[in-house]
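A.B. asks: Can you read through this structure? Questions will come right after.
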Number of protein chains: 2
Amino acid sequence: MKKSLGAKTIVYPTPVFIVGTFDQLGQPNAAAAAWGGICCSRPPCVAVSFRKATYTYKNIVARQAFTINIPSEAYVKEADYFGLASGANENKFLTTGLTPTKSELVDAPFVAEFPFALECRLIHTTEIGLHTQFIGEVLDIKADESVLGEDGTLDIERVKPFMFAPDSRAYYGLGKCLGPAFSIGKGIGGRA
Amino acid sequence: MKKSLGAKTIVYPTPVFIVGTFDQLGQPNAAAAAWGGICCSRPPCVAVSFRKATYTYKNIVARQAFTINIPSEAYVKEADYFGLASGANENKFLTTGLTPTKSELVDAPFVAEFPFALECRLIHTTEIGLHTQFIGEVLDIKADESVLGEDGTLDIERVKPFMFAPDSRAYYGLGKCLGPAFSIGKGIGGRA
């Protein structure tokens, strides 16, 4: 017998996306977003939601582009700050000392110090309610060599990402590997 | 200087949503989905994407409802199996021995043994490309008492959720708490 908790926005894990945009004057901004995720394999697309009142909402509408930056555990304070401050009042790159690098593919900056970033072109906008969902097509991923494995692909254990727990409002790091996907379930139902 | 990895669908963390549906004959199904996330606070909404070829796609279109079940680490094999097998060929509840419980709020079943589930009513469908994105309004969350903290809210450390790494195709558990959100970034930029 399960207990009713009410209509809430709780799933685990929830990401900590740092969304890079330019404002109408060309000033770079970075904002934290936990409402989002990959939403299509072909074309490769990622969704992220913002309230209309945010600086990033206006920037995405104006520039039709954004980056999704994945911070490593070492930058959890900066990531939290990106969710506390508004680009309307502060140049968040200046206050954090982090470096905005202009994407050559889309009209948005990425965070140079973060291990990797998705460069996204806005392809769809859905008005849901308090939040508007932006779907971006991923044109490229830019990653630091230091987080790539020997085969040249991203190594999550080098990236050291973290997640957000929406209800307890806390950040959690990466735990241990539990096994390979599309594999460890094969023993079930005679699928040995 | 960052390296180009190409246009790919990699973010961390990516969830492992187990999506519960009924088919047109009323048989319960459960499928794994990593492409999704919360997308709006008011109304509370969650997005999840499926290919048209999947059994779950047809079920959501027919029933206009689904549940999002969050598995605990103890069920990583069953969760993997839910992504390997298709409800078109197998009754996945029977093969896993897990129990479908009919939601009283929406026309979909949840997985009784998993720690908590979101009961969702389909409110929006977006055709993106290979994947179709379904947005569901969360009408309620049902949770086991055993994963609630002393204040009656979900305790992520009792749920023991896990995540999926899309590129290395592996599952990872929950790591250690890194600190409170909307708080640990306050020292930056003179926000002490």
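All residue names refer to the structure tokens as shown: chains lettered A, B, ... in order, residues numbered from 1 in each chain, ligands numbered from 1 in order.
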I want to know what sits within 7 Å of Ala79 (chain B), based on only C-alpha atoms, with residues of the same chain fewer than 4 positions away left out; could you give that as an MDAnalysis selection string?
C.D. replies: chainID B and resid 18 32 75 83
A.B. asks: Counting only C-alpha atoms, what is within 12 Å of Ala85 (chain B), bar same-chain residues fewer than 5 positions away, as an MDAnalysis selection string?
C.D. replies: (chainID A and resid 182:183 185:191) or (chainID B and resid 29:32 54:56 78:80 90:93 95:96)
A.B. asks: Would you write out those residues with N, CA and C atoms, as a JSON list (two decimals), in the first residue's frame?
C.D. replies:
[["chain", "number", "residue", "atom", "x", "y", "z"],
["A", 182, "PHE", "N", 21.55, -2.71, -21.16],
["A", 182, "PHE", "CA", 21.18, -3.61, -22.25],
["A", 182, "PHE", "C", 21.94, -4.93, -22.12],
["A", 183, "SER", "N", 22.18, -5.32, -20.89],
["A", 183, "SER", "CA", 22.99, -6.51, -20.65],
["A", 183, "SER", "C", 22.63, -7.21, -19.35],
["A", 185, "GLY", "N", 20.12, -7.24, -17.53],
["A", 185, "GLY", "CA", 18.75, -7.76, -17.39],
["A", 185, "GLY", "C", 18.49, -8.99, -18.24],
["A", 186, "LYS", "N", 19.52, -9.44, -18.96],
["A", 186, "LYS", "CA", 19.31, -10.55, -19.92],
["A", 186, "LYS", "C", 18.93, -11.87, -19.26],
["A", 187, "GLY", "N", 19.29, -12.06, -18.02],
["A", 187, "GLY", "CA", 18.97, -13.32, -17.35],
["A", 187, "GLY", "C", 17.49, -13.49, -17.03],
["A", 188, "ILE", "N", 16.73, -12.38, -17.10],
["A", 188, "ILE", "CA", 15.32, -12.42, -16.70],
["A", 188, "ILE", "C", 14.46, -12.98, -17.83],
["A", 189, "GLY", "N", 13.50, -13.80, -17.48],
["A", 189, "GLY", "CA", 12.57, -14.35, -18.47],
["A", 189, "GLY", "C", 13.23, -15.27, -19.47],
["A", 190, "GLY", "N", 14.27, -15.96, -19.03],
["A", 190, "GLY", "CA", 14.93, -16.93, -19.92],
["A", 190, "GLY", "C", 15.76, -16.29, -21.01],
["A", 191, "ARG", "N", 16.19, -15.02, -20.75],
["A", 191, "ARG", "CA", 16.98, -14.31, -21.77],
["A", 191, "ARG", "C", 18.47, -14.48, -21.50],
["B", 29, "ASN", "N", 2.01, -3.05, -19.05],
["B", 29, "ASN", "CA", 3.36, -3.09, -19.61],
["B", 29, "ASN", "C", 4.25, -2.11, -18.85],
["B", 30, "ALA", "N", 5.55, -2.40, -18.85],
["B", 30, "ALA", "CA", 6.53, -1.50, -18.24],
["B", 30, "ALA", "C", 7.71, -1.40, -19.19],
["B", 31, "ALA", "N", 8.15, -0.19, -19.48],
["B", 31, "ALA", "CA", 9.26, 0.03, -20.41],
["B", 31, "ALA", "C", 10.24, 1.01, -19.81],
["B", 32, "ALA", "N", 11.52, 0.83, -20.12],
["B", 32, "ALA", "CA", 12.55, 1.76, -19.62],
["B", 32, "ALA", "C", 12.72, 2.91, -20.60],
["B", 54, "THR", "N", 7.58, 1.52, -30.64],
["B", 54, "THR", "CA", 7.49, 0.84, -29.34],
["B", 54, "THR", "C", 6.04, 0.55, -28.94],
["B", 55, "TYR", "N", 5.93, -0.45, -28.09],
["B", 55, "TYR", "CA", 4.62, -0.83, -27.56],
["B", 55, "TYR", "C", 4.07, 0.30, -26.68],
["B", 56, "THR", "N", 4.94, 0.91, -25.92],
["B", 56, "THR", "CA", 4.52, 1.99, -25.01],
["B", 56, "THR", "C", 3.97, 3.18, -25.77],
["B", 78, "GLU", "N", 15.95, -5.72, -13.28],
["B", 78, "GLU", "CA", 14.59, -5.66, -13.80],
["B", 78, "GLU", "C", 14.42, -4.41, -14.69],
["B", 79, "ALA", "N", 14.99, -3.29, -14.24],
["B", 79, "ALA", "CA", 14.89, -2.06, -15.03],
["B", 79, "ALA", "C", 15.56, -2.25, -16.38],
["B", 80, "ASP", "N", 16.71, -2.90, -16.39],
["B", 80, "ASP", "CA", 17.42, -3.15, -17.65],
["B", 80, "ASP", "C", 16.58, -4.06, -18.55],
["B", 90, "GLU", "N", 6.07, -10.05, -24.89],
["B", 90, "GLU", "CA", 6.13, -10.63, -23.54],
["B", 90, "GLU", "C", 5.31, -9.81, -22.56],
["B", 91, "ASN", "N", 4.75, -10.49, -21.56],
["B", 91, "ASN", "CA", 4.14, -9.79, -20.43],
["B", 91, "ASN", "C", 5.27, -9.60, -19.41],
["B", 92, "LYS", "N", 5.84, -8.40, -19.42],
["B", 92, "LYS", "CA", 7.07, -8.16, -18.64],
["B", 92, "LYS", "C", 6.84, -8.22, -17.13],
["B", 93, "PHE", "N", 5.61, -7.98, -16.70],
["B", 93, "PHE", "CA", 5.32, -8.14, -15.27],
["B", 93, "PHE", "C", 5.40, -9.62, -14.89],
["B", 95, "THR", "N", 7.17, -12.03, -16.42],
["B", 95, "THR", "CA", 8.54, -12.56, -16.48],
["B", 95, "THR", "C", 9.40, -12.06, -15.32],
["B", 96, "THR", "N", 9.15, -10.82, -14.86],
["B", 96, "THR", "CA", 9.95, -10.31, -13.74],
["B", 96, "THR", "C", 9.38, -10.71, -12.39]]
A.B. asks: One decimal, Å: what's the distance from CA of Ala165 (chain A) over to CA of Cys177 (chain B), could you say?
C.D. replies: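 Separation of CA of Ala165 (chain A) and CA of Cys177 (chain B): 9.9 Å.
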A.B. asks: Would you mind telling me which residue in B:Val138, B:Tyr57, B:Asp167, B:Cys40 lies nearest to Leu5 (chain B) when using only C-alpha atoms?
C.D. replies: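 Using only C-alpha atoms, Leu5 (chain B) sits closest to B:Asp167.
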A.B. asks: For Thr14 (chain A), list every protein, DNA or RNA residue within 10 Å, evaluated using only C-alpha atoms, and leave out those in the same chain fewer than 5 positions away; present the list as a list in words.
C.D. replies: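 These residues fall inside the cut-off: Ala33, Ala34, Trp35, Gly36, Gly37, Phe162, Met163, Phe164, Ala165, Pro166 and Tyr171 of chain A; Tyr12, Pro13, Thr14, Pro15, Gly36, Gly37, Ile38 and Met163 of chain B.
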A.B. asks: Can I get the selection written as a compact mmCIF listing (two decimals), in the first residue's frame, with all heavy atoms?
C.D. replies:
# COMPACT_ATOMS: atom_id res chain seq x y z
N ALA A 33 19.43 24.94 -14.55
CA ALA A 33 18.10 24.39 -14.84
C ALA A 33 18.09 22.91 -14.49
O ALA A 33 18.95 22.15 -14.93
CB ALA A 33 17.74 24.59 -16.30
N ALA A 34 17.09 22.51 -13.71
CA ALA A 34 16.95 21.10 -13.35
C ALA A 34 15.81 20.44 -14.12
O ALA A 34 15.68 19.23 -14.12
CB ALA A 34 16.70 20.96 -11.85
N TRP A 35 14.98 21.26 -14.77
CA TRP A 35 13.86 20.71 -15.53
C TRP A 35 14.29 20.52 -16.98
O TRP A 35 14.23 21.44 -17.78
CB TRP A 35 12.66 21.65 -15.47
CG TRP A 35 11.92 21.85 -14.18
CD1 TRP A 35 10.91 22.75 -13.99
CD2 TRP A 35 12.07 21.17 -12.92
NE1 TRP A 35 10.44 22.66 -12.71
CE2 TRP A 35 11.12 21.70 -12.03
CE3 TRP A 35 12.91 20.15 -12.46
CZ2 TRP A 35 10.99 21.26 -10.71
CZ3 TRP A 35 12.79 19.72 -11.14
CH2 TRP A 35 11.83 20.26 -10.30
N GLY A 36 14.74 19.31 -17.32
CA GLY A 36 15.18 19.06 -18.68
C GLY A 36 15.73 17.67 -18.84
O GLY A 36 15.78 16.88 -17.89
N GLY A 37 16.13 17.35 -20.07
CA GLY A 37 16.70 16.04 -20.38
C GLY A 37 16.74 15.82 -21.88
O GLY A 37 16.15 16.61 -22.65
N PHE A 162 27.12 15.73 -11.17
CA PHE A 162 26.30 15.59 -9.96
C PHE A 162 24.84 15.81 -10.34
O PHE A 162 24.52 16.21 -11.45
CB PHE A 162 26.76 16.52 -8.84
CG PHE A 162 26.82 17.97 -9.21
CD1 PHE A 162 25.75 18.82 -8.96
CD2 PHE A 162 27.96 18.50 -9.79
CE1 PHE A 162 25.82 20.16 -9.28
CE2 PHE A 162 28.03 19.84 -10.14
CZ PHE A 162 26.97 20.67 -9.88
N MET A 163 23.97 15.49 -9.42
CA MET A 163 22.53 15.61 -9.66
C MET A 163 21.88 16.44 -8.56
O MET A 163 22.50 16.76 -7.55
CB MET A 163 21.89 14.22 -9.71
CG MET A 163 22.18 13.34 -8.53
SD MET A 163 21.07 11.93 -8.41
CE MET A 163 19.56 12.71 -7.84
N PHE A 164 20.61 16.75 -8.81
CA PHE A 164 19.83 17.58 -7.89
C PHE A 164 18.65 16.75 -7.39
O PHE A 164 18.02 16.04 -8.17
CB PHE A 164 19.35 18.82 -8.65
CG PHE A 164 18.38 19.71 -7.93
CD1 PHE A 164 18.73 20.35 -6.75
CD2 PHE A 164 17.11 19.93 -8.45
CE1 PHE A 164 17.83 21.18 -6.09
CE2 PHE A 164 16.20 20.76 -7.80
CZ PHE A 164 16.57 21.39 -6.62
N ALA A 165 18.38 16.83 -6.10
CA ALA A 165 17.19 16.20 -5.54
C ALA A 165 16.18 17.31 -5.29
O ALA A 165 16.39 18.17 -4.43
CB ALA A 165 17.52 15.48 -4.23
N PRO A 166 15.07 17.35 -6.09
CA PRO A 166 14.17 18.51 -6.05
C PRO A 166 13.47 18.72 -4.71
O PRO A 166 13.21 19.84 -4.32
CB PRO A 166 13.12 18.20 -7.13
CG PRO A 166 13.66 17.07 -7.93
CD PRO A 166 14.63 16.34 -7.06
N TYR A 171 22.35 18.55 -3.55
CA TYR A 171 23.12 17.99 -4.67
C TYR A 171 23.78 16.69 -4.22
O TYR A 171 24.25 16.59 -3.08
CB TYR A 171 24.21 18.97 -5.12
CG TYR A 171 23.67 20.30 -5.59
CD1 TYR A 171 23.91 21.47 -4.86
CD2 TYR A 171 22.92 20.40 -6.76
CE1 TYR A 171 23.42 22.70 -5.29
CE2 TYR A 171 22.42 21.63 -7.19
CZ TYR A 171 22.68 22.77 -6.45
OH TYR A 171 22.19 23.97 -6.87
N TYR B 12 24.70 14.16 -18.42
CA TYR B 12 24.75 13.45 -17.14
C TYR B 12 24.05 14.32 -16.11
O TYR B 12 24.35 15.52 -16.07
CB TYR B 12 26.17 13.21 -16.66
CG TYR B 12 27.08 12.47 -17.59
CD1 TYR B 12 28.38 12.93 -17.81
CD2 TYR B 12 26.67 11.31 -18.24
CE1 TYR B 12 29.26 12.25 -18.64
CE2 TYR B 12 27.54 10.64 -19.08
CZ TYR B 12 28.84 11.11 -19.28
OH TYR B 12 29.70 10.44 -20.11
N PRO B 13 23.21 13.79 -15.25
CA PRO B 13 22.74 12.42 -15.26
C PRO B 13 21.58 12.25 -16.23
O PRO B 13 20.90 13.22 -16.57
CB PRO B 13 22.23 12.25 -13.82
CG PRO B 13 21.71 13.61 -13.46
CD PRO B 13 22.61 14.58 -14.16
N THR B 14 21.36 11.03 -16.69
CA THR B 14 20.19 10.67 -17.48
C THR B 14 19.37 9.70 -16.62
O THR B 14 19.95 8.81 -15.99
CB THR B 14 20.64 10.00 -18.79
OG1 THR B 14 21.35 10.95 -19.57
CG2 THR B 14 19.46 9.53 -19.60
N PRO B 15 18.06 9.89 -16.56
CA PRO B 15 17.26 9.04 -15.66
C PRO B 15 17.00 7.65 -16.21
O PRO B 15 17.20 7.38 -17.40
CB PRO B 15 15.94 9.81 -15.55
CG PRO B 15 15.82 10.52 -16.85
CD PRO B 15 17.22 10.88 -17.25
N GLY B 36 14.02 11.82 -20.90
CA GLY B 36 12.91 12.47 -20.21
C GLY B 36 13.37 13.28 -19.02
O GLY B 36 14.57 13.33 -18.71
N GLY B 37 12.40 13.93 -18.38
CA GLY B 37 12.69 14.73 -17.19
C GLY B 37 11.51 15.61 -16.85
O GLY B 37 10.56 15.73 -17.64
N ILE B 38 11.57 16.22 -15.67
CA ILE B 38 10.55 17.19 -15.28
C ILE B 38 10.59 18.36 -16.27
O ILE B 38 11.66 18.74 -16.73
CB ILE B 38 10.81 17.70 -13.85
CG1 ILE B 38 10.74 16.56 -12.83
CG2 ILE B 38 9.85 18.82 -13.47
CD1 ILE B 38 9.37 15.97 -12.62
N MET B 163 21.24 6.09 -12.15
CA MET B 163 21.19 6.83 -13.40
C MET B 163 21.81 6.01 -14.51
O MET B 163 22.43 4.97 -14.28
CB MET B 163 21.91 8.16 -13.24
CG MET B 163 23.32 8.04 -12.72
SD MET B 163 24.30 9.54 -12.98
CE MET B 163 24.64 9.41 -14.73
A.B. asks: Could you pull the residues within 12 Å of Phe114 (chain A), counting only C-alpha atoms, minus those fewer than 5 positions along the same chain, as a VMD selection string?
C.D. replies: (chain A and resid 17 to 20 30 67 to 76 78 to 79 98 to 101 142 to 147 158 to 161) or (chain B and resid 1 to 2)
A.B. asks: Restrict the selected residues to N, CA and C atoms and save them as a short mmCIF file (atom, residue, chain, number, x, y, z; two decimals), in the first residue's frame.
C.D. replies:
data_model
loop_
_atom_site.label_atom_id
_atom_site.label_comp_id
_atom_site.auth_asym_id
_atom_site.auth_seq_id
_atom_site.Cartn_x
_atom_site.Cartn_y
_atom_site.Cartn_z
N PHE A 17 21.70 21.32 -15.30
CA PHE A 17 22.17 21.87 -16.57
C PHE A 17 22.53 23.34 -16.36
N ILE A 18 23.71 23.72 -16.80
CA ILE A 18 24.06 25.14 -16.81
C ILE A 18 23.88 25.62 -18.25
N VAL A 19 22.90 26.51 -18.42
CA VAL A 19 22.48 26.91 -19.76
C VAL A 19 23.14 28.24 -20.12
N GLY A 20 23.93 28.22 -21.19
CA GLY A 20 24.65 29.42 -21.64
C GLY A 20 23.89 30.13 -22.74
N ALA A 30 24.81 32.61 -17.75
CA ALA A 30 24.74 31.17 -17.43
C ALA A 30 23.70 31.01 -16.34
N THR A 67 23.51 26.81 -24.99
CA THR A 67 24.38 25.66 -24.73
C THR A 67 23.93 25.00 -23.42
N ILE A 68 24.14 23.68 -23.33
CA ILE A 68 23.90 22.96 -22.08
C ILE A 68 25.28 22.53 -21.59
N ASN A 69 25.70 23.08 -20.47
CA ASN A 69 27.01 22.78 -19.90
C ASN A 69 26.83 21.84 -18.72
N ILE A 70 27.65 20.78 -18.69
CA ILE A 70 27.58 19.82 -17.58
C ILE A 70 28.73 20.13 -16.62
N PRO A 71 28.39 20.60 -15.42
CA PRO A 71 29.46 20.93 -14.46
C PRO A 71 29.97 19.68 -13.75
N SER A 72 31.22 19.71 -13.37
CA SER A 72 31.77 18.63 -12.54
C SER A 72 31.60 19.02 -11.07
N GLU A 73 31.73 18.00 -10.23
CA GLU A 73 31.58 18.16 -8.78
C GLU A 73 32.38 19.34 -8.23
N ALA A 74 33.53 19.60 -8.81
CA ALA A 74 34.41 20.69 -8.33
C ALA A 74 33.74 22.06 -8.47
N TYR A 75 32.71 22.15 -9.33
CA TYR A 75 32.05 23.44 -9.57
C TYR A 75 30.63 23.49 -9.01
N VAL A 76 30.37 22.70 -7.99
CA VAL A 76 29.00 22.66 -7.46
C VAL A 76 28.58 24.02 -6.88
N GLU A 78 29.63 27.06 -7.91
CA GLU A 78 29.35 27.96 -9.04
C GLU A 78 28.01 27.59 -9.69
N ALA A 79 27.75 26.28 -9.82
CA ALA A 79 26.48 25.85 -10.42
C ALA A 79 25.30 26.34 -9.57
N LEU A 98 34.53 32.53 -14.11
CA LEU A 98 34.53 31.52 -15.17
C LEU A 98 34.53 32.22 -16.54
N THR A 99 34.93 31.46 -17.56
CA THR A 99 35.21 32.04 -18.87
C THR A 99 34.15 31.68 -19.90
N PRO A 100 33.46 32.69 -20.48
CA PRO A 100 32.53 32.39 -21.56
C PRO A 100 33.29 32.24 -22.88
N THR A 101 33.05 31.15 -23.59
CA THR A 101 33.67 30.96 -24.91
C THR A 101 32.55 30.93 -25.93
N LYS A 142 31.24 19.74 -27.27
CA LYS A 142 32.64 20.12 -27.09
C LYS A 142 33.08 19.66 -25.70
N ALA A 143 34.18 18.91 -25.66
CA ALA A 143 34.62 18.33 -24.39
C ALA A 143 36.11 18.53 -24.16
N ASP A 144 36.48 18.62 -22.90
CA ASP A 144 37.90 18.68 -22.53
C ASP A 144 38.55 17.33 -22.77
N GLU A 145 39.76 17.36 -23.27
CA GLU A 145 40.52 16.11 -23.49
C GLU A 145 40.66 15.34 -22.17
N SER A 146 40.73 16.10 -21.07
CA SER A 146 40.97 15.47 -19.76
C SER A 146 39.82 14.58 -19.27
N VAL A 147 38.64 14.71 -19.88
CA VAL A 147 37.52 13.86 -19.45
C VAL A 147 37.20 12.77 -20.49
N ARG A 158 35.50 10.49 -15.07
CA ARG A 158 36.40 11.65 -15.11
C ARG A 158 35.59 12.95 -15.07
N VAL A 159 34.40 12.94 -15.67
CA VAL A 159 33.55 14.14 -15.66
C VAL A 159 33.10 14.45 -14.23
N LYS A 160 32.81 13.40 -13.44
CA LYS A 160 32.30 13.58 -12.08
C LYS A 160 31.09 14.53 -12.03
N PRO A 161 30.00 14.16 -12.73
CA PRO A 161 28.81 15.01 -12.71
C PRO A 161 28.09 14.89 -11.38
N MET B 1 41.04 24.69 -24.85
CA MET B 1 40.60 24.24 -26.19
C MET B 1 39.89 22.91 -26.06
N LYS B 2 38.62 22.91 -26.47
CA LYS B 2 37.82 21.70 -26.34
C LYS B 2 37.80 20.93 -27.66
#
A.B. asks: Enumerate as a ChimeraX atom specification all residues of region 63-157 of chain B assigned to strand (DSSP E or B) by DSSP on the backbone, naming them with the chain letters and numbers the document uses.
C.D. replies: /B:65-70,100-102,109-111,116-127,131-143,148,154
A.B. asks: What separation in Å, quoted to one decimal, exists between CA of Thr21 (chain A) and CA of Val46 (chain A)?
C.D. replies: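 Separation of CA of Thr21 (chain A) and CA of Val46 (chain A): 15.3 Å.
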